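The data block below is my_file.txt; it holds compact mmCIF, N, CA and C atoms.
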# COMPACT_ATOMS: atom_id res chain seq x y z
N ARG A 106 -13.98 -19.81 4.50
CA ARG A 106 -14.01 -20.18 3.10
C ARG A 106 -12.64 -20.60 2.58
N LEU A 107 -11.58 -20.13 3.23
CA LEU A 107 -10.24 -20.48 2.77
C LEU A 107 -9.70 -21.75 3.44
N GLY A 108 -10.47 -22.32 4.34
CA GLY A 108 -10.05 -23.54 5.02
C GLY A 108 -9.67 -24.66 4.05
N PRO A 109 -10.48 -24.95 3.02
CA PRO A 109 -10.11 -26.01 2.08
C PRO A 109 -8.80 -25.69 1.33
N ALA A 110 -8.56 -24.43 1.02
CA ALA A 110 -7.31 -24.06 0.34
C ALA A 110 -6.12 -24.29 1.27
N LEU A 111 -6.27 -23.92 2.54
CA LEU A 111 -5.21 -24.18 3.52
C LEU A 111 -4.95 -25.67 3.66
N ALA A 112 -6.03 -26.45 3.74
CA ALA A 112 -5.89 -27.89 3.90
C ALA A 112 -5.15 -28.53 2.73
N GLN A 113 -5.31 -27.96 1.54
CA GLN A 113 -4.64 -28.49 0.34
C GLN A 113 -3.30 -27.81 0.09
N ASN A 114 -2.89 -26.92 1.00
CA ASN A 114 -1.62 -26.19 0.88
C ASN A 114 -1.54 -25.41 -0.43
N LEU A 115 -2.66 -24.83 -0.85
CA LEU A 115 -2.68 -24.03 -2.07
C LEU A 115 -2.08 -22.65 -1.80
N PRO A 116 -1.29 -22.14 -2.74
CA PRO A 116 -0.74 -20.79 -2.56
C PRO A 116 -1.80 -19.73 -2.84
N LEU A 117 -1.65 -18.59 -2.21
CA LEU A 117 -2.53 -17.45 -2.46
C LEU A 117 -1.68 -16.36 -3.11
N LEU A 118 -2.15 -15.81 -4.18
CA LEU A 118 -1.47 -14.73 -4.88
C LEU A 118 -2.17 -13.43 -4.52
N CYS A 119 -1.46 -12.53 -3.85
CA CYS A 119 -2.02 -11.24 -3.44
C CYS A 119 -1.37 -10.14 -4.28
N VAL A 120 -2.12 -9.59 -5.22
CA VAL A 120 -1.57 -8.56 -6.11
C VAL A 120 -1.92 -7.15 -5.66
N ASN A 121 -2.69 -7.03 -4.59
CA ASN A 121 -2.96 -5.73 -3.99
C ASN A 121 -2.81 -5.88 -2.48
N PRO A 122 -1.58 -5.69 -1.97
CA PRO A 122 -1.33 -5.92 -0.56
C PRO A 122 -1.92 -4.89 0.40
N ASP A 123 -2.62 -3.88 -0.10
CA ASP A 123 -3.22 -2.90 0.81
C ASP A 123 -4.12 -3.62 1.80
N ARG A 124 -3.95 -3.30 3.08
CA ARG A 124 -4.74 -3.94 4.12
C ARG A 124 -6.07 -3.22 4.35
N TRP A 125 -6.18 -2.00 3.88
CA TRP A 125 -7.39 -1.20 4.08
C TRP A 125 -7.83 -0.60 2.76
N ARG A 126 -9.12 -0.40 2.63
CA ARG A 126 -9.70 0.29 1.48
C ARG A 126 -10.81 1.20 2.00
N VAL A 127 -11.17 2.14 1.17
CA VAL A 127 -12.23 3.07 1.54
C VAL A 127 -13.52 2.59 0.88
N ASP A 128 -14.58 2.48 1.67
CA ASP A 128 -15.89 2.20 1.10
C ASP A 128 -16.85 3.26 1.63
N PRO A 129 -18.10 3.26 1.20
CA PRO A 129 -19.02 4.33 1.63
C PRO A 129 -19.19 4.48 3.13
N LYS A 130 -18.90 3.41 3.90
CA LYS A 130 -19.05 3.48 5.35
C LYS A 130 -17.76 3.84 6.07
N GLY A 131 -16.66 4.02 5.33
CA GLY A 131 -15.38 4.34 5.94
C GLY A 131 -14.33 3.33 5.53
N LEU A 132 -13.40 3.03 6.43
CA LEU A 132 -12.34 2.07 6.13
C LEU A 132 -12.87 0.65 6.28
N ALA A 133 -12.42 -0.22 5.37
CA ALA A 133 -12.79 -1.63 5.41
C ALA A 133 -11.56 -2.47 5.11
N PHE A 134 -11.59 -3.72 5.56
CA PHE A 134 -10.48 -4.62 5.25
C PHE A 134 -10.35 -4.77 3.75
N SER A 135 -9.11 -4.95 3.30
CA SER A 135 -8.85 -5.16 1.87
C SER A 135 -8.12 -6.48 1.69
N SER A 136 -7.72 -6.76 0.46
CA SER A 136 -7.13 -8.06 0.13
C SER A 136 -5.85 -8.34 0.91
N GLY A 137 -5.08 -7.33 1.25
CA GLY A 137 -3.87 -7.55 2.03
C GLY A 137 -4.17 -8.10 3.42
N SER A 138 -5.29 -7.70 4.01
CA SER A 138 -5.68 -8.25 5.31
C SER A 138 -6.03 -9.72 5.19
N LEU A 139 -6.72 -10.08 4.13
CA LEU A 139 -7.07 -11.47 3.90
C LEU A 139 -5.82 -12.32 3.69
N ALA A 140 -4.89 -11.82 2.89
CA ALA A 140 -3.64 -12.55 2.63
C ALA A 140 -2.81 -12.68 3.90
N ALA A 141 -2.79 -11.65 4.73
CA ALA A 141 -2.04 -11.70 5.98
C ALA A 141 -2.65 -12.76 6.91
N TRP A 142 -3.97 -12.84 6.95
CA TRP A 142 -4.63 -13.89 7.74
C TRP A 142 -4.25 -15.27 7.23
N TYR A 143 -4.29 -15.44 5.90
CA TYR A 143 -3.97 -16.74 5.28
C TYR A 143 -2.54 -17.15 5.62
N GLU A 144 -1.63 -16.21 5.54
CA GLU A 144 -0.23 -16.49 5.85
C GLU A 144 -0.06 -16.83 7.34
N ALA A 145 -0.72 -16.09 8.21
CA ALA A 145 -0.63 -16.35 9.65
C ALA A 145 -1.21 -17.72 10.01
N ALA A 146 -2.17 -18.18 9.21
CA ALA A 146 -2.78 -19.49 9.44
C ALA A 146 -1.93 -20.63 8.87
N GLY A 147 -0.78 -20.28 8.29
CA GLY A 147 0.13 -21.29 7.76
C GLY A 147 0.12 -21.43 6.25
N GLY A 148 -0.66 -20.61 5.58
CA GLY A 148 -0.74 -20.68 4.12
C GLY A 148 0.45 -20.00 3.45
N ARG A 149 0.69 -20.38 2.21
CA ARG A 149 1.76 -19.76 1.42
C ARG A 149 1.16 -18.60 0.64
N VAL A 150 1.80 -17.43 0.75
CA VAL A 150 1.32 -16.22 0.06
C VAL A 150 2.43 -15.67 -0.80
N ARG A 151 2.12 -15.35 -2.03
CA ARG A 151 3.04 -14.64 -2.92
C ARG A 151 2.52 -13.22 -2.99
N TRP A 152 3.31 -12.29 -2.44
CA TRP A 152 2.93 -10.88 -2.37
C TRP A 152 3.49 -10.15 -3.58
N LEU A 153 2.64 -9.43 -4.29
CA LEU A 153 3.06 -8.58 -5.41
C LEU A 153 2.41 -7.21 -5.26
N GLY A 154 2.94 -6.24 -5.95
CA GLY A 154 2.38 -4.89 -5.87
C GLY A 154 3.09 -4.09 -4.80
N LYS A 155 2.59 -2.89 -4.56
CA LYS A 155 3.20 -2.02 -3.58
C LYS A 155 3.06 -2.63 -2.20
N PRO A 156 4.05 -2.69 -1.39
CA PRO A 156 5.35 -2.04 -1.39
C PRO A 156 6.50 -2.94 -1.87
N TYR A 157 6.21 -4.02 -2.54
CA TYR A 157 7.25 -4.99 -2.91
C TYR A 157 8.05 -4.52 -4.11
N PRO A 158 9.36 -4.78 -4.11
CA PRO A 158 10.29 -4.21 -5.10
C PRO A 158 9.96 -4.55 -6.56
N GLU A 159 9.35 -5.71 -6.81
CA GLU A 159 9.09 -6.12 -8.19
C GLU A 159 8.24 -5.10 -8.96
N ILE A 160 7.29 -4.47 -8.27
CA ILE A 160 6.40 -3.53 -8.96
C ILE A 160 7.16 -2.29 -9.42
N TYR A 161 8.14 -1.86 -8.64
CA TYR A 161 8.91 -0.68 -9.00
C TYR A 161 9.91 -1.00 -10.11
N ALA A 162 10.48 -2.19 -10.08
CA ALA A 162 11.36 -2.62 -11.17
C ALA A 162 10.58 -2.72 -12.47
N PHE A 163 9.35 -3.23 -12.38
CA PHE A 163 8.49 -3.31 -13.57
C PHE A 163 8.19 -1.91 -14.10
N ALA A 164 7.88 -0.97 -13.23
CA ALA A 164 7.59 0.40 -13.66
C ALA A 164 8.79 1.01 -14.37
N ARG A 165 9.98 0.77 -13.83
CA ARG A 165 11.19 1.30 -14.47
C ARG A 165 11.41 0.68 -15.85
N ARG A 166 11.17 -0.63 -15.97
CA ARG A 166 11.31 -1.29 -17.28
C ARG A 166 10.28 -0.74 -18.26
N LEU A 167 9.07 -0.53 -17.80
CA LEU A 167 7.98 -0.06 -18.65
C LEU A 167 8.18 1.38 -19.08
N LEU A 168 8.60 2.24 -18.16
CA LEU A 168 8.68 3.67 -18.43
C LEU A 168 10.07 4.15 -18.85
N GLY A 169 11.08 3.33 -18.64
CA GLY A 169 12.43 3.72 -19.03
C GLY A 169 13.09 4.59 -17.98
N PRO A 170 14.30 5.03 -18.30
CA PRO A 170 15.04 5.85 -17.33
C PRO A 170 14.39 7.22 -17.16
N GLY A 171 14.70 7.84 -16.06
CA GLY A 171 14.16 9.17 -15.79
C GLY A 171 13.55 9.22 -14.41
N ARG A 172 13.04 10.37 -14.08
CA ARG A 172 12.42 10.55 -12.77
C ARG A 172 11.02 9.95 -12.77
N LEU A 173 10.73 9.22 -11.71
CA LEU A 173 9.40 8.66 -11.52
C LEU A 173 8.86 9.17 -10.19
N LEU A 174 7.57 9.41 -10.15
CA LEU A 174 6.92 9.85 -8.93
C LEU A 174 5.85 8.83 -8.57
N ALA A 175 5.92 8.29 -7.38
CA ALA A 175 4.91 7.38 -6.88
C ALA A 175 3.92 8.18 -6.04
N VAL A 176 2.65 8.10 -6.39
CA VAL A 176 1.59 8.83 -5.69
C VAL A 176 0.69 7.81 -5.02
N GLY A 177 0.40 8.01 -3.74
CA GLY A 177 -0.48 7.09 -3.06
C GLY A 177 -1.01 7.65 -1.76
N ASP A 178 -1.90 6.86 -1.13
CA ASP A 178 -2.54 7.32 0.10
C ASP A 178 -2.14 6.50 1.31
N SER A 179 -1.13 5.63 1.16
CA SER A 179 -0.73 4.77 2.26
C SER A 179 0.76 4.93 2.57
N LEU A 180 1.06 5.34 3.80
CA LEU A 180 2.46 5.40 4.22
C LEU A 180 3.09 4.01 4.20
N GLU A 181 2.33 3.02 4.65
CA GLU A 181 2.83 1.65 4.79
C GLU A 181 3.15 1.01 3.45
N HIS A 182 2.36 1.26 2.44
CA HIS A 182 2.56 0.60 1.14
C HIS A 182 3.13 1.55 0.10
N ASP A 183 2.41 2.59 -0.20
CA ASP A 183 2.78 3.47 -1.30
C ASP A 183 4.08 4.22 -1.04
N ILE A 184 4.18 4.87 0.08
CA ILE A 184 5.35 5.71 0.36
C ILE A 184 6.55 4.86 0.75
N ALA A 185 6.39 3.93 1.66
CA ALA A 185 7.52 3.11 2.11
C ALA A 185 8.12 2.31 0.96
N GLY A 186 7.28 1.68 0.17
CA GLY A 186 7.78 0.87 -0.94
C GLY A 186 8.50 1.68 -2.00
N ALA A 187 7.91 2.80 -2.38
CA ALA A 187 8.52 3.63 -3.42
C ALA A 187 9.81 4.28 -2.93
N ALA A 188 9.80 4.75 -1.69
CA ALA A 188 11.02 5.37 -1.15
C ALA A 188 12.15 4.35 -1.05
N ALA A 189 11.83 3.14 -0.61
CA ALA A 189 12.84 2.08 -0.52
C ALA A 189 13.41 1.74 -1.90
N ALA A 190 12.59 1.93 -2.93
CA ALA A 190 13.03 1.66 -4.30
C ALA A 190 13.75 2.87 -4.92
N GLY A 191 13.87 3.95 -4.16
CA GLY A 191 14.58 5.13 -4.64
C GLY A 191 13.76 6.08 -5.47
N LEU A 192 12.43 5.98 -5.38
CA LEU A 192 11.57 6.88 -6.15
C LEU A 192 11.15 8.08 -5.30
N GLU A 193 10.82 9.15 -5.97
CA GLU A 193 10.22 10.29 -5.28
C GLU A 193 8.77 9.93 -4.99
N THR A 194 8.24 10.50 -3.90
CA THR A 194 6.90 10.11 -3.46
C THR A 194 6.03 11.31 -3.14
N ALA A 195 4.73 11.11 -3.32
CA ALA A 195 3.73 12.10 -2.92
C ALA A 195 2.61 11.37 -2.19
N LEU A 196 2.32 11.79 -0.97
CA LEU A 196 1.25 11.21 -0.17
C LEU A 196 0.01 12.07 -0.33
N VAL A 197 -1.12 11.41 -0.61
CA VAL A 197 -2.40 12.10 -0.75
C VAL A 197 -3.15 11.99 0.57
N ARG A 198 -3.66 13.11 1.06
CA ARG A 198 -4.36 13.12 2.35
C ARG A 198 -5.73 12.48 2.28
N THR A 199 -6.25 12.25 1.09
CA THR A 199 -7.57 11.62 0.95
C THR A 199 -7.38 10.10 0.84
N GLY A 200 -8.42 9.36 0.49
CA GLY A 200 -8.33 7.91 0.40
C GLY A 200 -8.24 7.31 1.79
N VAL A 201 -7.32 6.37 1.99
CA VAL A 201 -7.17 5.71 3.29
C VAL A 201 -6.91 6.72 4.39
N ASN A 202 -6.19 7.78 4.06
CA ASN A 202 -5.87 8.79 5.07
C ASN A 202 -7.07 9.62 5.50
N SER A 203 -8.17 9.53 4.79
CA SER A 203 -9.35 10.31 5.17
C SER A 203 -9.90 9.86 6.52
N ALA A 204 -9.51 8.68 6.98
CA ALA A 204 -9.95 8.21 8.29
C ALA A 204 -9.23 8.94 9.42
N PHE A 205 -8.12 9.59 9.11
CA PHE A 205 -7.33 10.30 10.11
C PHE A 205 -7.58 11.80 9.97
N GLY A 206 -7.63 12.47 11.08
CA GLY A 206 -7.64 13.93 11.03
C GLY A 206 -6.25 14.43 10.69
N ASP A 207 -6.14 15.70 10.36
CA ASP A 207 -4.83 16.27 10.02
C ASP A 207 -3.82 16.07 11.13
N ARG A 208 -4.24 16.26 12.37
CA ARG A 208 -3.32 16.14 13.50
C ARG A 208 -2.80 14.70 13.64
N GLU A 209 -3.70 13.71 13.50
CA GLU A 209 -3.28 12.31 13.60
C GLU A 209 -2.37 11.93 12.44
N LEU A 210 -2.69 12.38 11.25
CA LEU A 210 -1.82 12.09 10.10
C LEU A 210 -0.45 12.72 10.29
N ASP A 211 -0.41 13.92 10.82
CA ASP A 211 0.88 14.56 11.10
C ASP A 211 1.70 13.75 12.11
N ARG A 212 1.02 13.17 13.11
CA ARG A 212 1.72 12.31 14.08
C ARG A 212 2.27 11.06 13.41
N LEU A 213 1.48 10.47 12.52
CA LEU A 213 1.94 9.28 11.79
C LEU A 213 3.15 9.62 10.91
N LEU A 214 3.09 10.76 10.27
CA LEU A 214 4.21 11.19 9.42
C LEU A 214 5.47 11.40 10.24
N ALA A 215 5.33 11.95 11.43
CA ALA A 215 6.50 12.22 12.27
C ALA A 215 7.18 10.93 12.71
N ARG A 216 6.41 9.84 12.83
CA ARG A 216 6.97 8.56 13.28
C ARG A 216 7.33 7.63 12.13
N ALA A 217 6.99 7.99 10.89
CA ALA A 217 7.17 7.09 9.75
C ALA A 217 8.65 6.91 9.41
N GLU A 218 8.99 5.70 9.04
CA GLU A 218 10.37 5.42 8.61
C GLU A 218 10.67 6.16 7.31
N TYR A 219 9.70 6.18 6.41
CA TYR A 219 9.85 6.89 5.14
C TYR A 219 8.85 8.02 5.09
N ARG A 220 9.34 9.21 4.80
CA ARG A 220 8.46 10.38 4.69
C ARG A 220 8.29 10.73 3.22
N PRO A 221 7.10 11.16 2.82
CA PRO A 221 6.90 11.54 1.42
C PRO A 221 7.67 12.81 1.07
N ASP A 222 8.03 12.92 -0.20
CA ASP A 222 8.67 14.14 -0.68
C ASP A 222 7.66 15.28 -0.77
N TRP A 223 6.42 14.93 -1.10
CA TRP A 223 5.33 15.92 -1.20
C TRP A 223 4.11 15.39 -0.50
N LEU A 224 3.29 16.33 -0.01
CA LEU A 224 2.02 16.01 0.62
C LEU A 224 0.93 16.73 -0.16
N LEU A 225 -0.02 15.97 -0.71
CA LEU A 225 -1.09 16.52 -1.53
C LEU A 225 -2.42 16.50 -0.77
N GLN A 226 -3.19 17.55 -0.88
CA GLN A 226 -4.49 17.59 -0.24
C GLN A 226 -5.47 16.61 -0.87
N ALA A 227 -5.36 16.43 -2.20
CA ALA A 227 -6.24 15.52 -2.93
C ALA A 227 -5.57 15.16 -4.25
N PHE A 228 -6.08 14.13 -4.90
CA PHE A 228 -5.56 13.73 -6.20
C PHE A 228 -6.65 13.97 -7.22
N ARG A 229 -6.38 14.92 -8.12
CA ARG A 229 -7.36 15.29 -9.17
C ARG A 229 -6.63 15.46 -10.48
N TRP A 230 -7.31 15.19 -11.56
CA TRP A 230 -6.76 15.47 -12.91
C TRP A 230 -6.97 16.93 -13.20
Here is a file; write its structure as structure tokens.
Amino acid sequence: RLGPALAQNLPLLCVNPDRWRVDPKGLAFSSGSLAAWYEAAGGRVRWLGKPYPEIYAFARRLLGPGRLLAVGDSLEHDIAGAAAAGLETALVRTGVNSAFGDRELDRLLARAEYRPDWLLQAFRW
């Protein structure tokens, strides 16, 4: 379906770079996977959102000075992006991480470039 867009050299704007999402059947491809395919096929992609720095600069402008905590379920996007931006981070074991058992998630954490400041079992109000 994106062939005509590629042929016309149209840019793709990806505002949610997450490559995976949770659906009732488990993990499924998300918009970041589609954008990565488009880029690999030669298309132009403008990436916004986590883990890209613009989203954290926007949050700082919106919320003002002070401590900010980034909470998310993805080491690749939520934790890496926020840590690189100098924010404190909390990784939630549910969401995308629900596909991994505790042991596998612990192995991923041990190899991660950025480690979360906190590890949460779930995210609830």
Could you give me, as a PyMOL selection string, the residues within 6 Å of A:Leu153, counting only N, CA and C atoms and dropping anything in the same chain fewer than 4 positions from it?
chain A and resi 119-122+157
May I have the residues within 8 Å of A:Gly131 as a count of residues only, using all atoms listed in the file and disregarding those fewer than 6 positions away in the same chain?
3
Do you have the atom N of A:Ala227-atom C of A:Glu193 distance handy?
15.8 Å
List the neighbours of A:Tyr219 out to 7 Å using all atoms listed in the file; skip same-chain residues closer than 6 positions along the sequence, and give me the result as a PDB file with N, CA and C atoms, in the coordinates of the input.
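Writing done, so here's out.pdb:
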ATOM      1  N   LEU A 180       1.060   5.340   3.800  1.00  0.00           N
ATOM      2  CA  LEU A 180       2.460   5.400   4.220  1.00  0.00           C
ATOM      3  C   LEU A 180       3.090   4.010   4.200  1.00  0.00           C
ATOM      4  N   ILE A 184       4.180   4.870   0.080  1.00  0.00           N
ATOM      5  CA  ILE A 184       5.350   5.710   0.360  1.00  0.00           C
ATOM      6  C   ILE A 184       6.550   4.860   0.750  1.00  0.00           C
ATOM      7  N   ALA A 185       6.390   3.930   1.660  1.00  0.00           N
ATOM      8  CA  ALA A 185       7.520   3.110   2.110  1.00  0.00           C
ATOM      9  C   ALA A 185       8.120   2.310   0.960  1.00  0.00           C
ATOM     10  N   ALA A 188       9.800   4.750  -1.690  1.00  0.00           N
ATOM     11  CA  ALA A 188      11.020   5.370  -1.150  1.00  0.00           C
ATOM     12  C   ALA A 188      12.150   4.350  -1.050  1.00  0.00           C
TER      13      ALA A 188
END
Excluding same-chain residues fewer than 5 positions from A:Leu225, what lies within 7 Å of it counting only N, CA and C atoms, as a list in words?
Ala195, Leu196, Val197, Arg198 and Thr199 of chain A
Measure the distance from atom CA of A:Trp125 to atom N of A:Arg166 in Å and round it to one decimal.
27.3 Å
Apply DSSP to the structure's backbone, then extract all residues of stretch 107-210 of chain A labelled strand (DSSP E) and return them as a PyMOL selection string.
chain A and resi 117-119+125-128+131-134+150-152+174-177+193-197
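Using only C-alpha atoms, the protein and nucleic acid residues lying no more than 10 Å from A:Thr194, apart from those fewer than 2 places from it along its own chain, are A:Leu173, A:Leu174, A:Ala175, A:Val176, A:Gly177, A:Asp183, A:Ile184, A:Ala185, A:Gly186, A:Ala187, A:Ala188, A:Gly191, A:Leu192, A:Leu196, A:Val197, A:Tyr219, A:Arg220, A:Pro221, A:Asp222, A:Trp223, A:Leu224.
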Using all atoms of stretch 178-181 of chain A listed in the file and a margin of 6 Å per side, can you give the axis-aligned box centre and edge lengths in Å to one decimal, as AutoDock Vina command-line options?
--center_x 0.3 --center_y 4.2 --center_z 1.8 --size_x 17.7 --size_y 18.3 --size_z 17.9
Between atom CA of A:Ala140 and atom CA of A:Asp128, what is the distance, to one decimal in Å?
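Rounded to one decimal, the two atoms are 19.2 Å apart.
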Run DSSP on the backbone and tell me which residues of stretch 114-195 of chain A come out as helix (DSSP H, G or I); list them as number ranges by chain.
A: 136-145, 158-168, 180-189
Using all atoms listed in the file, which of the listed residues (A:Arg126, A:Glu144, A:Arg172, A:Ala190) sits closest to A:Pro156?
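Smallest distance to A:Pro156 is found for A:Ala190.
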Of the candidates A:Leu167, A:Arg151, A:Ser179, A:Gln226, which one gets nearest to A:Asp123 if we count only C-alpha atoms?
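Among the listed residues, the smallest separation from A:Asp123 belongs to A:Ser179.
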Rows by chain and residue number, stretch 126-230 of chain A within 9 Å of stretch 110-117 of chain A, shortest pair, only C-alpha atoms, as CSV:
residue,atom,partner,partner_atom,distance
A:Ala140,CA,A:Leu117,CA,7.2
A:Tyr143,CA,A:Leu111,CA,7.7
A:Glu144,CA,A:Leu117,CA,8.7
A:Ala146,CA,A:Leu111,CA,7.9
A:Gly147,CA,A:Leu111,CA,7.4
A:Gly148,CA,A:Leu111,CA,5.7
A:Arg149,CA,A:Pro116,CA,4.8
A:Val150,CA,A:Leu117,CA,4.8
A:Arg151,CA,A:Leu117,CA,6.3
A:Trp152,CA,A:Leu117,CA,8.5
